Protein chains: 2
Amino acid sequence: MATIYDIAKKANVSAMTVSRVINNTGRVSEKTRDKVKQVMEEMRYIPNSVARCLVTQESKIVSLLITDITNPFFTTMARGAEDAAMRHGYRLMFGNSDESFSKEKDYVEMILSMRVDGVLFAPSGDQSKEHLEWLQRQNVPFVLLDREVPGIDCDAVLGDSLDGAKRMVAEMIRYGHRRIALVNGAQDVSTARERQAGYIEALQEAGIELDESLIMQTSYSRVQDLSVAHWMELAPEARPTAIFAANNMLALSVLKSVRSLGLRVPDDLSIACFDDFGWVEEANPFFSVASQPAYEFGEQGMQLLLDRIKNREEQPRQIMLPCEILMRESVGKV
Amino acid sequence: MATIYDIAKKANVSAMTVSRVINNTGRVSEKTRDKVKQVMEEMRYIPNSVARCLVTQESKIVSLLITDITNPFFTTMARGAEDAAMRHGYRLMFGNSDESFSKEKDYVEMILSMRVDGVLFAPSGDQSKEHLEWLQRQNVPFVLLDREVPGIDCDAVLGDSLDGAKRMVAEMIRYGHRRIALVNGAQDVSTARERQAGYIEALQEAGIELDESLIMQTSYSRVQDLSVAHWMELAPEARPTAIFAANNMLALSVLKSVRSLGLRVPDDLSIACFDDFGWVEEANPFFSVASQPAYEFGEQGMQLLLDRIKNREEQPRQIMLPCEILMRESVGKV
DNA sequence: GTGAAAGCGCTAACAT
DNA sequence: ATGTTAGCGCTTTCAC
């Protein structure tokens, strides 16, 4: 590939002049500029951002690390982050940790060694603290998305998981459900803890006694073999009439299991969950959800990150985005 | 951040020795190696891949450019590509062109200037030729995914769009449908042309006359305002009893429009489409689809790409992946 | 087994 | 308005 020296030689100027033309910096005469531009066209010159990054110490690239690229909540978030980055002249590099600590580590290593300017980080869990401290030590700005990490005080865009879960469960209670099961993500993820707390508060306020056996701890990632059979085989009075899933992927796993038992939703069992299904839900409104503004998560997170890159000394800012309770077909009255 | 010189100084060796330790290349005595490793730990050294890339002229990064990050077909493909890349010691950089020529151009520029080792490229349409020729001129290896581009002879992983569409439409005919509408992507995308050809062949073989007014040309990207009202308002004998959507996103748009008209699927109208919905469909089997092995698209595409990076002179290879017809609830018998 | 020198492609700082 | 020099952090080559 052509370098600025190739251009310089052919245009009879110095490399520095070529650099000035490329970056629109410093004074270059109209005539020289045109000549250089013409030669760049001819030789199909493309600036080497690797070399540029090495000297300027900035890449104009920010990284977005999400935990599940097949989850519409995260891909919609990615779209928001992408649009905001582009608007400000930054390029976005996606990474997908797949809810896995070790894949997350791989991506953090890549991010660090590539010297990106900042990271939008949806942590896989509390252990991500290690990775975040790594970023801090290397002085790489980051913003947490969707999930907090205990012990890390930083910029973040979070949803109100406690409130959302509480309101959704309260709504199910209003529909007449008294035995509501919870299928939760792993306890080392902040949103899972908060959604469980919201679930418990809603039950308490309705005077319903908490039944620990109706809580299933699993994982936000695609769970292939999730089964609710042990609940559905209970005696009628012990059997849950509704299940609250702590995220959308879990709701799909629950639905799969329910369907495989030959049961219908909502006739035999109601299902609600956190996070919606983006485009799918819009066309095929089925699940009752506590919906979070995914696009805004990405957009506002990117805004925080770019601010932080400009000014590293500011106080950390936390943004909490509200969620909306949408009751749809999947929850029936008892 | 620490450099190899910082390490070298502290370990009382030369930078070259540090480099040897990092890369496990050349002979370094046990003692020196241990010492260097220890200092690297202490100083939390992270290699600067930007500097390394500048000298070695390779980044060990490949790029995956998809056209819709919210489409499960492409995100599943991304997972396949990611897994295959990781297995071979490459990092993956995602890009999302959003079915837009100009966003695609931005990403191609970034890819070129970052000097990635290769590109897995799902083109936005025939005009992508310009971008691909750009890559060719700069000698960047690439593999086409899902869509061909006329005039570009290269490695590719494609689905059998013609066959899939033909079989799906034939199946709908077998269900008793005679008036089947087609909601298609843009004509400048190879899969849209082929799916239309398959649709037409199936009708011909069944002796059904083609009615041009039952073909709608739109775009694969999320179409907010797609309406099928003009068809549904036709006299009963002219009205389609089924709609074949050329991809999954279009099927959702169709469903949305159908629902807004107060019609039920499949009772009032049947819907089928190309590509399935991944995880959603698995739990909630509704759409009849011509399903493509999305994960394998990514996986095999990455394999082709890494082969190509190793050996640039080989003949171009094309892989055609079969698709599977899955009849589900959304198509009823007439 | 280890080190010194040169250079990857670019830009910042300082000439002219 | 344009050019020269130096150096970003690393590896390649060659010398010891």
# chains A, B, ... in the order shown; residues from 1 in each chain; ligands from 1
call {"tool": "interface_residues", "arguments": {"of": "chain C", "to": "chain A", "cutoff": "8 Å", "atoms": "only C-alpha atoms (C1' of nucleotides)", "output": "PyMOL selection string"}}
result
chain C and resi 9-11
call {"tool": "residues_around", "arguments": {"residues": "Asp307 in chain A", "least_positions_apart": "4", "cutoff": "12 Å", "atoms": "only C-alpha atoms (C1' of nucleotides)", "output": "PyMOL selection string"}}
result
chain A and resi 85+88+117-118+141-143+155+300-303+311-317
call {"tool": "interface_residues", "arguments": {"of": "chain D", "to": "chain B", "cutoff": "9 Å", "atoms": "only C-alpha atoms (C1' of nucleotides)", "output": "list in words"}}
result
DC8, DG9, DC10, DT11 and DT12 of chain D
call {"tool": "interface_residues", "arguments": {"of": "chain B", "to": "chain A", "cutoff": "7 Å", "atoms": "only C-alpha atoms", "output": "list in words"}}
result
Met1, Ile46, Pro47, Asn48, Ser49, Val50, Ala51, Leu54, Ile69, Thr70, Pro72, Thr75, Thr76, Met93, Phe94, Ser113, Met114, Gln138, Leu252, Ser253, Leu255, Lys256, Val280, Ala283 and Asn284 of chain B
call {"tool": "write_last_selection", "arguments": {"atoms": "N, CA and C atoms", "output": "mmCIF file, in the first residue's frame"}}
result
data_model
loop_
_atom_site.group_PDB
_atom_site.id
_atom_site.type_symbol
_atom_site.label_atom_id
_atom_site.label_comp_id
_atom_site.auth_asym_id
_atom_site.auth_seq_id
_atom_site.Cartn_x
_atom_site.Cartn_y
_atom_site.Cartn_z
ATOM 1 N N MET B 1 1.488 3.820 30.008
ATOM 2 C CA MET B 1 1.663 2.353 30.003
ATOM 3 C C MET B 1 3.128 1.970 29.795
ATOM 4 N N ILE B 46 1.496 -4.714 29.158
ATOM 5 C CA ILE B 46 0.610 -5.195 28.096
ATOM 6 C C ILE B 46 1.226 -4.819 26.760
ATOM 7 N N PRO B 47 1.483 -5.804 25.915
ATOM 8 C CA PRO B 47 2.121 -5.519 24.625
ATOM 9 C C PRO B 47 1.286 -4.521 23.831
ATOM 10 N N ASN B 48 1.929 -3.651 23.137
ATOM 11 C CA ASN B 48 1.239 -2.685 22.285
ATOM 12 C C ASN B 48 1.093 -3.277 20.886
ATOM 13 N N SER B 49 -0.121 -3.752 20.613
ATOM 14 C CA SER B 49 -0.305 -4.433 19.330
ATOM 15 C C SER B 49 -0.291 -3.455 18.167
ATOM 16 N N VAL B 50 -0.471 -2.177 18.463
ATOM 17 C CA VAL B 50 -0.402 -1.169 17.405
ATOM 18 C C VAL B 50 1.027 -1.098 16.866
ATOM 19 N N ALA B 51 1.970 -0.994 17.786
ATOM 20 C CA ALA B 51 3.379 -0.930 17.378
ATOM 21 C C ALA B 51 3.788 -2.228 16.675
ATOM 22 N N LEU B 54 2.500 -2.408 13.213
ATOM 23 C CA LEU B 54 3.199 -1.511 12.289
ATOM 24 C C LEU B 54 4.446 -2.188 11.704
ATOM 25 N N ILE B 69 -27.418 -5.853 12.565
ATOM 26 C CA ILE B 69 -27.019 -6.454 13.838
ATOM 27 C C ILE B 69 -28.211 -6.827 14.690
ATOM 28 N N THR B 70 -29.409 -6.389 14.323
ATOM 29 C CA THR B 70 -30.587 -6.789 15.111
ATOM 30 C C THR B 70 -31.265 -8.021 14.509
ATOM 31 N N PRO B 72 -31.406 -11.890 13.887
ATOM 32 C CA PRO B 72 -30.812 -13.098 14.467
ATOM 33 C C PRO B 72 -30.044 -13.938 13.458
ATOM 34 N N THR B 75 -26.628 -12.294 13.621
ATOM 35 C CA THR B 75 -25.920 -12.399 14.899
ATOM 36 C C THR B 75 -25.501 -13.846 15.159
ATOM 37 N N THR B 76 -26.314 -14.782 14.687
ATOM 38 C CA THR B 76 -25.934 -16.186 14.836
ATOM 39 C C THR B 76 -24.715 -16.475 13.955
ATOM 40 N N MET B 93 -13.418 -8.368 14.739
ATOM 41 C CA MET B 93 -13.963 -7.018 14.865
ATOM 42 C C MET B 93 -15.266 -6.948 14.104
ATOM 43 N N PHE B 94 -16.378 -6.735 14.797
ATOM 44 C CA PHE B 94 -17.665 -6.660 14.115
ATOM 45 C C PHE B 94 -17.895 -5.274 13.527
ATOM 46 N N SER B 113 -7.913 1.180 6.782
ATOM 47 C CA SER B 113 -6.911 1.998 7.469
ATOM 48 C C SER B 113 -6.372 1.284 8.710
ATOM 49 N N MET B 114 -7.146 0.335 9.240
ATOM 50 C CA MET B 114 -6.651 -0.399 10.403
ATOM 51 C C MET B 114 -5.781 -1.581 10.025
ATOM 52 N N GLN B 138 -6.202 -3.109 -2.644
ATOM 53 C CA GLN B 138 -5.283 -2.983 -1.517
ATOM 54 C C GLN B 138 -4.816 -4.350 -1.051
ATOM 55 N N LEU B 252 -41.799 -10.098 9.791
ATOM 56 C CA LEU B 252 -42.288 -9.410 10.983
ATOM 57 C C LEU B 252 -43.053 -8.144 10.594
ATOM 58 N N SER B 253 -42.534 -7.434 9.607
ATOM 59 C CA SER B 253 -43.244 -6.241 9.129
ATOM 60 C C SER B 253 -44.614 -6.624 8.577
ATOM 61 N N LEU B 255 -46.353 -9.279 9.366
ATOM 62 C CA LEU B 255 -47.199 -9.694 10.479
ATOM 63 C C LEU B 255 -47.781 -8.476 11.201
ATOM 64 N N LYS B 256 -46.926 -7.484 11.394
ATOM 65 C CA LYS B 256 -47.373 -6.268 12.067
ATOM 66 C C LYS B 256 -48.521 -5.609 11.297
ATOM 67 N N VAL B 280 -35.729 -17.300 19.401
ATOM 68 C CA VAL B 280 -37.148 -16.999 19.542
ATOM 69 C C VAL B 280 -37.989 -18.110 18.940
ATOM 70 N N ALA B 283 -38.258 -21.387 20.887
ATOM 71 C CA ALA B 283 -39.170 -21.438 22.027
ATOM 72 C C ALA B 283 -40.608 -21.232 21.607
ATOM 73 N N ASN B 284 -40.766 -20.496 20.528
ATOM 74 C CA ASN B 284 -42.098 -20.052 20.153
ATOM 75 C C ASN B 284 -42.328 -20.344 18.675
#
call {"tool": "select_by_dssp", "arguments": {"residues": "range 179-294 of chain A", "states": "helix (DSSP H, G or I)", "output": "JSON, numbers by chain"}}
result
{"A": [190, 191, 192, 193, 194, 195, 196, 197, 198, 199, 200, 201, 202, 203, 204, 205, 212, 213, 214, 229, 230, 231, 232, 248, 249, 250, 251, 252, 253, 254, 255, 256, 257, 258, 259, 260, 279, 280, 281, 282, 283, 294]}
call {"tool": "residues_around", "arguments": {"residues": "Ser102 in chain B", "least_positions_apart": "5", "cutoff": "10 Å", "atoms": "only C-alpha atoms (C1' of nucleotides)", "output": "list in words"}}
result
Ser97, Tyr107, Val108, Ser124 and Ser128 of chain B
call {"tool": "write_last_selection", "arguments": {"atoms": "all heavy atoms", "output": "compact mmCIF listing (two decimals), in the first residue's frame"}}
result
# COMPACT_ATOMS: atom_id res chain seq x y z
N SER B 97 -23.39 -2.61 8.90
CA SER B 97 -23.61 -1.61 7.86
C SER B 97 -25.07 -1.18 7.78
O SER B 97 -25.40 -0.23 7.06
CB SER B 97 -23.16 -2.14 6.50
OG SER B 97 -24.03 -3.17 6.08
N TYR B 107 -17.25 1.70 7.21
CA TYR B 107 -16.59 0.54 7.81
C TYR B 107 -15.44 0.03 6.94
O TYR B 107 -14.42 -0.39 7.45
CB TYR B 107 -17.61 -0.57 8.09
CG TYR B 107 -18.24 -0.42 9.45
CD1 TYR B 107 -19.55 -0.02 9.59
CD2 TYR B 107 -17.51 -0.67 10.61
CE1 TYR B 107 -20.13 0.14 10.84
CE2 TYR B 107 -18.08 -0.52 11.86
CZ TYR B 107 -19.39 -0.12 11.97
OH TYR B 107 -19.95 0.04 13.22
N VAL B 108 -15.64 0.07 5.63
CA VAL B 108 -14.56 -0.40 4.75
C VAL B 108 -13.34 0.51 4.90
O VAL B 108 -12.20 0.04 4.97
CB VAL B 108 -15.04 -0.46 3.28
CG1 VAL B 108 -13.88 -0.72 2.35
CG2 VAL B 108 -16.09 -1.54 3.12
N SER B 124 -24.07 -5.11 1.29
CA SER B 124 -25.40 -4.51 1.38
C SER B 124 -26.14 -4.62 0.06
O SER B 124 -27.36 -4.55 0.03
CB SER B 124 -25.29 -3.04 1.81
OG SER B 124 -24.60 -2.30 0.83
N SER B 128 -21.98 -2.74 -3.59
CA SER B 128 -20.83 -3.08 -2.75
C SER B 128 -19.62 -3.44 -3.59
O SER B 128 -18.50 -3.48 -3.09
CB SER B 128 -21.18 -4.24 -1.82
OG SER B 128 -22.24 -3.90 -0.99
call {"tool": "atom_distance", "arguments": {"atom1": "CA of Asp83 in chain A", "atom2": "CA of Glu104 in chain A"}}
result
23.7 Å
